>>> print(open('protein.txt').read())   # compact mmCIF, C-alpha atoms and all ligand atoms
# COMPACT_ATOMS: atom_id res chain seq x y z
CA MET R 1 73.75 117.71 159.03
CA PRO R 2 75.42 121.11 159.65
CA SER R 3 78.12 121.87 157.12
CA ILE R 4 81.39 123.68 157.85
CA THR R 5 83.78 124.89 155.16
CA ILE R 6 87.34 125.80 156.13
CA TRP R 7 88.80 128.14 153.49
CA ASN R 8 92.55 128.81 153.34
CA GLU R 9 94.48 130.87 150.82
CA PHE R 10 97.11 128.06 151.15
CA MET R 11 100.06 130.02 149.79
CA HIS R 12 102.61 130.19 152.63
CA GLU R 13 102.49 126.41 153.07
CA GLN R 14 103.21 125.81 149.37
CA ALA R 15 106.06 128.30 149.02
CA GLU R 16 109.44 126.90 147.92
CA SER R 17 111.31 129.18 150.38
CA ASP R 18 112.64 128.40 153.87
CA TYR R 19 109.59 130.28 155.11
CA GLY R 20 107.37 127.78 153.29
CA LYS R 21 109.34 124.91 154.83
CA LEU R 22 108.76 126.35 158.29
CA CYS R 23 104.99 126.49 157.66
CA ARG R 24 104.96 122.92 156.32
CA LYS R 25 106.74 121.75 159.48
CA HIS R 26 103.60 122.53 161.47
CA TYR R 27 101.00 122.24 158.69
CA PRO R 28 102.30 119.76 156.09
CA LYS R 29 99.06 119.72 154.09
CA GLY R 30 98.04 123.27 154.90
CA ILE R 31 96.32 125.01 157.82
CA HIS R 32 92.87 124.13 156.42
CA ALA R 33 93.62 120.39 156.27
CA TYR R 34 95.14 120.49 159.76
CA LEU R 35 92.15 122.30 161.28
CA ARG R 36 89.74 119.93 159.58
CA ARG R 37 91.53 116.95 161.12
CA VAL R 38 91.89 118.27 164.68
CA LEU R 39 88.45 119.87 164.91
CA ARG R 40 86.58 116.84 163.60
CA PRO R 41 86.26 115.07 167.01
CA GLU R 42 85.07 118.35 168.60
CA LEU R 43 82.46 118.90 165.88
CA GLU R 44 80.90 115.48 165.70
CA GLY R 45 77.78 115.35 163.57
CA CYS R 46 79.00 118.11 161.21
CA THR R 47 80.36 117.79 157.68
CA ILE R 48 83.72 119.59 157.45
CA ARG R 49 85.23 120.56 154.08
CA ALA R 50 88.70 122.03 153.60
CA VAL R 51 89.05 124.22 150.49
CA SER R 52 91.62 126.67 149.13
CA LEU R 53 92.07 129.64 146.82
CA ASP R 54 93.83 127.51 144.15
CA MET R 55 90.77 125.28 143.65
CA PRO R 56 88.20 125.89 140.88
CA GLU R 57 86.12 129.00 141.59
CA ASN R 58 88.54 129.77 144.44
CA GLY R 59 87.25 126.81 146.45
CA LEU R 60 83.79 128.29 146.88
CA PRO R 61 81.55 127.54 143.89
CA ASP R 62 77.81 128.01 144.57
CA LYS R 63 77.36 124.30 145.17
CA VAL R 64 79.81 124.51 148.13
CA LEU R 65 78.96 127.98 149.48
CA ASN R 66 75.21 127.39 149.29
CA LYS R 67 75.55 124.32 151.50
CA THR R 68 77.83 126.00 154.05
CA ASP R 69 76.42 126.86 157.49
CA VAL R 70 79.70 128.20 158.89
CA LEU R 71 82.62 129.45 156.82
CA VAL R 72 86.08 129.57 158.44
CA TRP R 73 88.54 131.98 156.78
CA TRP R 74 92.37 132.02 156.90
CA GLY R 75 94.06 134.49 154.56
CA HIS R 76 97.14 136.70 154.61
CA MET R 77 99.14 137.48 151.45
CA ALA R 78 96.41 136.92 148.84
CA HIS R 79 93.47 139.01 150.08
CA ASP R 80 93.47 140.85 146.73
CA LYS R 81 93.20 137.58 144.79
CA VAL R 82 89.74 136.93 146.21
CA PRO R 83 87.29 138.23 143.58
CA ASP R 84 84.80 140.91 144.68
CA GLU R 85 82.05 138.81 143.12
CA LEU R 86 82.85 136.00 145.61
CA VAL R 87 82.87 138.50 148.50
CA ASP R 88 79.39 139.65 147.35
CA ARG R 89 78.10 136.07 147.42
CA ILE R 90 79.59 135.38 150.87
CA GLN R 91 78.17 138.62 152.27
CA LYS R 92 74.72 137.77 150.97
CA ARG R 93 74.89 134.34 152.56
CA ILE R 94 76.01 135.81 155.91
CA PHE R 95 73.04 138.22 155.80
CA GLY R 96 70.89 135.09 155.32
CA GLY R 97 72.31 133.44 158.44
CA MET R 98 75.63 131.76 157.55
CA GLY R 99 78.26 132.05 160.30
CA LEU R 100 81.77 133.38 159.62
CA VAL R 101 84.87 132.59 161.69
CA VAL R 102 87.80 134.80 160.69
CA LEU R 103 91.26 133.71 161.80
CA HIS R 104 94.48 135.60 162.47
CA SER R 105 95.57 137.72 159.46
CA GLY R 106 92.06 137.40 158.04
CA HIS R 107 91.45 140.72 159.85
CA MET R 108 92.50 142.38 156.56
CA SER R 109 90.50 140.05 154.31
CA LYS R 110 87.97 141.58 151.95
CA ILE R 111 85.09 139.71 153.53
CA PHE R 112 85.89 140.74 157.13
CA ARG R 113 86.34 144.41 156.20
CA ARG R 114 83.20 144.29 154.04
CA MET R 115 81.12 142.91 156.91
CA LEU R 116 82.49 145.32 159.53
CA GLY R 117 82.80 148.44 157.38
CA THR R 118 85.91 149.71 159.21
CA PRO R 119 89.65 149.53 158.38
CA CYS R 120 90.27 146.50 160.73
CA THR R 121 93.90 147.62 161.04
CA LEU R 122 96.14 146.72 163.99
CA ARG R 123 99.70 146.94 165.25
CA TRP R 124 101.92 143.88 164.72
CA ARG R 125 105.37 142.51 165.57
CA GLU R 126 106.92 139.17 164.70
CA ILE R 127 109.60 138.25 167.27
CA GLY R 128 108.08 135.08 168.73
CA GLU R 129 107.15 136.63 172.07
CA ARG R 130 104.87 135.14 174.73
CA GLU R 131 101.11 135.80 174.61
CA ARG R 132 98.69 135.37 177.49
CA VAL R 133 95.04 135.03 176.50
CA TRP R 134 92.34 135.96 179.04
CA VAL R 135 88.67 135.05 178.97
CA CYS R 136 86.73 138.32 179.36
CA ASP R 137 83.25 136.80 179.30
CA PRO R 138 83.21 133.44 181.13
CA ALA R 139 79.47 133.07 180.46
CA HIS R 140 79.87 133.22 176.69
CA PRO R 141 79.37 129.90 174.82
CA ILE R 142 82.74 130.33 173.07
CA ALA R 143 84.51 130.41 176.46
CA GLN R 144 83.07 127.09 177.69
CA GLY R 145 85.80 124.58 178.56
CA VAL R 146 88.51 127.17 177.87
CA PRO R 147 90.88 127.90 180.82
CA GLU R 148 90.25 131.38 182.25
CA THR R 149 93.74 132.23 181.04
CA PHE R 150 96.30 130.33 178.96
CA ALA R 151 99.70 131.11 177.47
CA ILE R 152 100.97 130.74 173.93
CA GLU R 153 104.75 130.52 174.34
CA GLN R 154 105.61 132.03 170.95
CA THR R 155 103.27 134.20 168.97
CA GLU R 156 103.05 137.06 166.52
CA MET R 157 101.91 140.17 168.41
CA TYR R 158 98.68 141.80 167.26
CA GLY R 159 98.09 144.99 169.23
CA GLU R 160 95.62 147.78 169.80
CA PRO R 161 94.29 149.97 168.38
CA PHE R 162 92.24 147.38 166.48
CA GLY R 163 90.08 149.16 163.88
CA ILE R 164 86.83 147.30 164.46
CA PRO R 165 83.41 148.81 165.18
CA ASN R 166 82.22 149.26 168.75
CA ASP R 167 79.42 146.70 168.57
CA GLY R 168 82.02 143.92 168.84
CA HIS R 169 81.54 141.75 171.94
CA VAL R 170 84.92 140.96 173.49
CA VAL R 171 85.22 137.32 174.59
CA PHE R 172 89.05 137.13 174.77
CA MET R 173 91.76 139.68 175.45
CA SER R 174 95.50 139.09 174.97
CA TRP R 175 98.59 140.46 176.70
CA TYR R 176 102.04 140.19 175.10
CA ALA R 177 105.51 140.06 176.66
CA GLY R 178 106.45 143.17 174.68
CA GLY R 179 103.79 145.20 176.51
CA ASN R 180 100.92 145.34 174.00
CA VAL R 181 97.32 144.29 174.54
CA PHE R 182 94.68 143.21 172.01
CA ARG R 183 91.01 142.26 171.75
CA SER R 184 91.92 138.82 170.42
CA GLY R 185 88.47 137.20 170.36
CA VAL R 186 85.50 139.34 169.30
CA THR R 187 81.97 138.52 168.07
CA PHE R 188 79.60 140.45 165.82
CA GLN R 189 76.22 139.95 164.18
CA ARG R 190 75.52 141.12 160.64
CA GLY R 191 72.10 140.51 159.18
CA LEU R 192 71.09 137.07 160.46
CA GLY R 193 74.69 135.83 160.52
CA LYS R 194 77.09 135.62 163.42
CA ILE R 195 80.78 136.46 163.07
CA PHE R 196 83.69 135.46 165.34
CA TYR R 197 87.23 136.80 164.94
CA PHE R 198 90.11 135.02 166.72
CA ALA R 199 93.65 136.40 166.47
CA PRO R 200 96.14 133.65 167.48
CA GLY R 201 97.21 131.51 164.49
CA HIS R 202 100.42 132.69 162.79
CA GLU R 203 101.48 130.35 159.96
CA THR R 204 105.08 129.62 161.08
CA LEU R 205 104.18 128.78 164.69
CA PRO R 206 102.31 125.67 165.96
CA ILE R 207 99.55 127.76 167.59
CA TYR R 208 96.69 125.64 166.19
CA HIS R 209 98.31 122.62 167.92
CA ASN R 210 97.40 124.20 171.30
CA PRO R 211 94.38 122.36 172.85
CA ALA R 212 92.93 125.57 174.35
CA VAL R 213 93.08 127.25 170.92
CA GLN R 214 91.40 124.24 169.32
CA ARG R 215 88.64 124.42 171.92
CA VAL R 216 88.09 128.12 171.18
CA LEU R 217 87.83 127.40 167.44
CA ALA R 218 85.39 124.51 167.88
CA ASN R 219 83.26 126.61 170.25
CA GLY R 220 83.44 129.56 167.87
CA ILE R 221 82.24 127.46 164.95
CA ARG R 222 79.36 126.03 167.01
CA TRP R 223 78.37 129.49 168.23
CA CYS R 224 78.25 130.81 164.66
CA MET R 225 75.88 128.05 163.50
CA PRO R 226 72.60 129.50 162.23
CA ALA R 227 69.75 128.56 164.58
CA ASN R 228 67.28 128.01 161.73
CA GLY R 229 69.51 127.25 158.76
CA VAL R 230 70.52 129.79 156.13
CA GLY R 231 67.80 131.53 154.13
CA ASP R 232 67.65 134.46 151.76
CA ALA R 233 69.17 137.74 152.84
CA PRO R 234 66.48 139.96 154.45
CA VAL R 235 64.54 142.23 152.07
CA CYS R 236 62.30 145.29 152.56
CA PRO R 237 58.71 144.03 152.26
CA HIS R 238 56.13 146.65 151.25
CA GLU R 239 53.43 146.56 153.95
CA ARG R 240 50.23 147.30 152.00
CA GLU R 241 47.76 146.59 154.77
CA PRO R 242 48.29 147.51 158.44
CA PHE R 243 48.14 144.68 161.05
CA GLU R 244 45.82 146.79 163.22
CA PRO R 245 42.96 148.85 161.80
CA VAL R 246 44.08 152.46 161.42
CA LYS R 247 41.36 155.11 161.73
ZN ZN P 301 100.79 136.09 161.05
>>> encode(input="protein.txt", output="structure tokens")
Amino acid sequence: MPSITIWNEFMHEQAESDYGKLCRKHYPKGIHAYLRRVLRPELEGCTIRAVSLDMPENGLPDKVLNKTDVLVWWGHMAHDKVPDELVDRIQKRIFGGMGLVVLHSGHMSKIFRRMLGTPCTLRWREIGERERVWVCDPAHPIAQGVPETFAIEQTEMYGEPFGIPNDGHVVFMSWYAGGNVFRSGVTFQRGLGKIFYFAPGHETLPIYHNPAVQRVLANGIRWCMPANGVGDAPVCPHEREPFEPVK
């Protein structure tokens, strides 16, 4: 049975402040628990775990990570609290075939920047403006069942230039009321592993309650599933004998 692990830093939702209260209004038990619940019907036949930074071994001990086929990542204020040693283990597993879905402010996470090798910076603005998401590649598996365009009434703006490498395949593009545009849904492959980044998902707004967004996430997770399970990261085998006789 394919195994999905939803990792959340789970700090905004536990904050004592009014900001924390606002996050709990939409995600009372945290974004990870909410996503696990709403994505379950869409991902029938998969095991879905929800884990967080405050758990032992930051939620990802070997016994969890080594069973994970697709890792979903939501982080924002605690990127630095993720140990480099954990990032090494995740990277190795992605090279071996594990999928990675990076959400919203995870663009600055250690693991996303490690995998892409670029700054992954962007422009941002938090005034609750309208976002319109467009499907750029209707043939892509992640776009199946997603309206060709849909609106998110209130969002945090993420705008270009987005510091990602040019091998990213753009599946979704967003326009914002304030005039900015953004490559809001992009795929990559690193080693044997597939990566999907999706921008909408600010913690104080009910964006993950949107059915079109939920469909994108479920499709993204399915698309990132390794075709043949997760194996060892590729190595450099020394080829002692040629396949064809060499004269
Ligand atoms: Zn945000």
>>> residues_near_ligand(input="protein.txt", ligand="ligand ZN 301 (chain P)", cutoff="12 Å", atoms="all atoms listed in the file", output="count of residues only")
33
>>> closest_atom_pairs(input="protein.txt", of="stretch 109-188 of chain R", to="stretch 221-245 of chain R", cutoff="12 Å", atoms="all atoms listed in the file", output="CSV")
residue,atom,partner,partner_atom,distance
R:His140,CA,R:Trp223,CA,9.4
R:Pro141,CA,R:Trp223,CA,6.7
R:Ile142,CA,R:Trp223,CA,6.6
R:Ala143,CA,R:Trp223,CA,10.3
R:Gln144,CA,R:Trp223,CA,10.8
R:Thr187,CA,R:Cys224,CA,9.2
R:Phe188,CA,R:Cys224,CA,9.8
>>> atom_distance(input="protein.txt", atom1="atom CA of R:Tyr27", atom2="atom CA of R:Glu13")
7.2 Å
>>> atom_distance(input="protein.txt", atom1="atom CA of R:Trp134", atom2="atom CA of R:Gly185")
9.6 Å
>>> closest_residue(input="protein.txt", among="R:Asp167, R:Glu160, R:Glu57, R:Asp18", to="R:Glu85", atoms="only C-alpha atoms")
R:Glu57
>>> residues_around(input="protein.txt", residues="stretch 136-139 of chain R", least_positions_apart="6", cutoff="8 Å", atoms="all atoms listed in the file", output="mmCIF file with C-alpha atoms, in the coordinates of the input")
data_model
loop_
_atom_site.group_PDB
_atom_site.id
_atom_site.type_symbol
_atom_site.label_atom_id
_atom_site.label_comp_id
_atom_site.auth_asym_id
_atom_site.auth_seq_id
_atom_site.Cartn_x
_atom_site.Cartn_y
_atom_site.Cartn_z
ATOM 1 C CA GLU R 148 90.250 131.380 182.250
ATOM 2 C CA VAL R 170 84.920 140.960 173.490
ATOM 3 C CA VAL R 171 85.220 137.320 174.590
ATOM 4 C CA PHE R 172 89.050 137.130 174.770
ATOM 5 C CA MET R 173 91.760 139.680 175.450
#
>>> atom_distance(input="protein.txt", atom1="atom CA of R:Ile195", atom2="atom CA of R:Gly99")
5.8 Å
>>> residues_near_point(input="protein.txt", point="(101.1, 141.1, 179.0)", cutoff="9 Å", atoms="only C-alpha atoms", output="list in words")
Arg130, Glu131, Arg132, Val133, Ser174, Trp175, Tyr176, Ala177, Gly178, Gly179, Asn180 and Val181 of chain R
>>> residues_around(input="protein.txt", residues="R:Val64", least_positions_apart="5", cutoff="12 Å", atoms="only C-alpha atoms", output="number ranges by chain")
R: 3-7, 47-51, 55-59, 69-71, 89-90, 93
>>> axis_aligned_box(input="protein.txt", around="stretch 48-58 of chain R", padding_each_side="8 Å", output="lines of an AutoDock Vina configuration file")
center_x = 88.8
center_y = 124.7
center_z = 149.2
size_x = 26.1
size_y = 26.2
size_z = 32.6
>>> build_atoms(input="protein.txt", residues="stretch 164-175 of chain R", atoms="all heavy atoms", output="tab-separated table (two decimals), keeping the file's coordinate frame")
chain	number	residue	atom	x	y	z
R	164	ILE	N	88.13	147.97	164.63
R	164	ILE	CA	86.83	147.30	164.46
R	164	ILE	C	85.73	148.18	165.05
R	164	ILE	O	86.01	149.02	165.90
R	164	ILE	CB	86.82	145.90	165.14
R	164	ILE	CG1	87.28	145.99	166.60
R	164	ILE	CG2	87.68	144.92	164.35
R	164	ILE	CD1	87.15	144.69	167.39
R	165	PRO	N	84.48	147.98	164.62
R	165	PRO	CA	83.41	148.81	165.18
R	165	PRO	C	83.10	148.47	166.63
R	165	PRO	O	83.45	147.40	167.12
R	165	PRO	CB	82.21	148.50	164.27
R	165	PRO	CG	82.53	147.22	163.59
R	165	PRO	CD	84.02	147.08	163.55
R	166	ASN	N	82.42	149.39	167.30
R	166	ASN	CA	82.22	149.26	168.75
R	166	ASN	C	81.12	148.29	169.15
R	166	ASN	O	80.89	148.10	170.34
R	166	ASN	CB	81.92	150.64	169.36
R	166	ASN	CG	83.17	151.50	169.37
R	166	ASN	OD1	84.29	150.96	169.46
R	166	ASN	ND2	83.03	152.80	169.24
R	167	ASP	N	80.43	147.69	168.16
R	167	ASP	CA	79.42	146.70	168.57
R	167	ASP	C	80.04	145.32	168.76
R	167	ASP	O	79.34	144.36	169.05
R	167	ASP	CB	78.28	146.63	167.54
R	167	ASP	CG	78.76	146.10	166.19
R	167	ASP	OD1	79.86	146.49	165.76
R	167	ASP	OD2	78.05	145.29	165.58
R	168	GLY	N	81.36	145.21	168.62
R	168	GLY	CA	82.02	143.92	168.84
R	168	GLY	C	81.93	143.52	170.31
R	168	GLY	O	82.16	144.35	171.19
R	169	HIS	N	81.59	142.26	170.57
R	169	HIS	CA	81.54	141.75	171.94
R	169	HIS	C	82.85	141.02	172.23
R	169	HIS	O	83.18	140.04	171.56
R	169	HIS	CB	80.34	140.80	172.10
R	169	HIS	CG	80.22	140.25	173.48
R	169	HIS	ND1	79.58	140.93	174.50
R	169	HIS	CD2	80.69	139.11	174.02
R	169	HIS	CE1	79.65	140.21	175.61
R	169	HIS	NE2	80.31	139.10	175.35
R	170	VAL	N	83.58	141.51	173.22
R	170	VAL	CA	84.92	140.96	173.49
R	170	VAL	C	84.81	139.72	174.38
R	170	VAL	O	84.36	139.79	175.51
R	170	VAL	CB	85.83	142.02	174.16
R	170	VAL	CG1	87.22	141.44	174.43
R	170	VAL	CG2	85.94	143.26	173.27
R	171	VAL	N	85.24	138.58	173.83
R	171	VAL	CA	85.22	137.32	174.59
R	171	VAL	C	86.62	137.02	175.13
R	171	VAL	O	86.78	136.48	176.22
R	171	VAL	CB	84.72	136.15	173.72
R	171	VAL	CG1	84.63	134.86	174.54
R	171	VAL	CG2	83.36	136.48	173.09
R	172	PHE	N	87.67	137.37	174.35
R	172	PHE	CA	89.05	137.13	174.77
R	172	PHE	C	89.88	138.40	174.58
R	172	PHE	O	89.66	139.16	173.64
R	172	PHE	CB	89.71	136.01	173.94
R	172	PHE	CG	88.99	134.69	174.03
R	172	PHE	CD1	88.13	134.29	173.00
R	172	PHE	CD2	89.14	133.87	175.13
R	172	PHE	CE1	87.46	133.08	173.07
R	172	PHE	CE2	88.47	132.65	175.21
R	172	PHE	CZ	87.63	132.25	174.17
R	173	MET	N	90.83	138.56	175.51
R	173	MET	CA	91.76	139.68	175.45
R	173	MET	C	93.17	139.10	175.61
R	173	MET	O	93.35	138.19	176.42
R	173	MET	CB	91.45	140.62	176.62
R	173	MET	CG	92.35	141.80	176.76
R	173	MET	SD	91.81	143.15	175.74
R	173	MET	CE	90.47	143.80	176.72
R	174	SER	N	94.14	139.61	174.86
R	174	SER	CA	95.50	139.09	174.97
R	174	SER	C	96.48	140.14	175.48
R	174	SER	O	96.35	141.33	175.17
R	174	SER	CB	95.99	138.59	173.61
R	174	SER	OG	95.38	137.36	173.29
R	175	TRP	N	97.45	139.66	176.25
R	175	TRP	CA	98.59	140.46	176.70
R	175	TRP	C	99.84	139.84	176.09
R	175	TRP	O	99.92	138.62	175.93
R	175	TRP	CB	98.67	140.40	178.23
R	175	TRP	CG	99.98	140.87	178.79
R	175	TRP	CD1	100.29	142.13	179.19
R	175	TRP	CD2	101.16	140.07	179.01
R	175	TRP	NE1	101.58	142.18	179.63
R	175	TRP	CE2	102.15	140.93	179.55
R	175	TRP	CE3	101.47	138.74	178.81
R	175	TRP	CZ2	103.42	140.48	179.87
R	175	TRP	CZ3	102.76	138.29	179.13
R	175	TRP	CH2	103.71	139.16	179.66
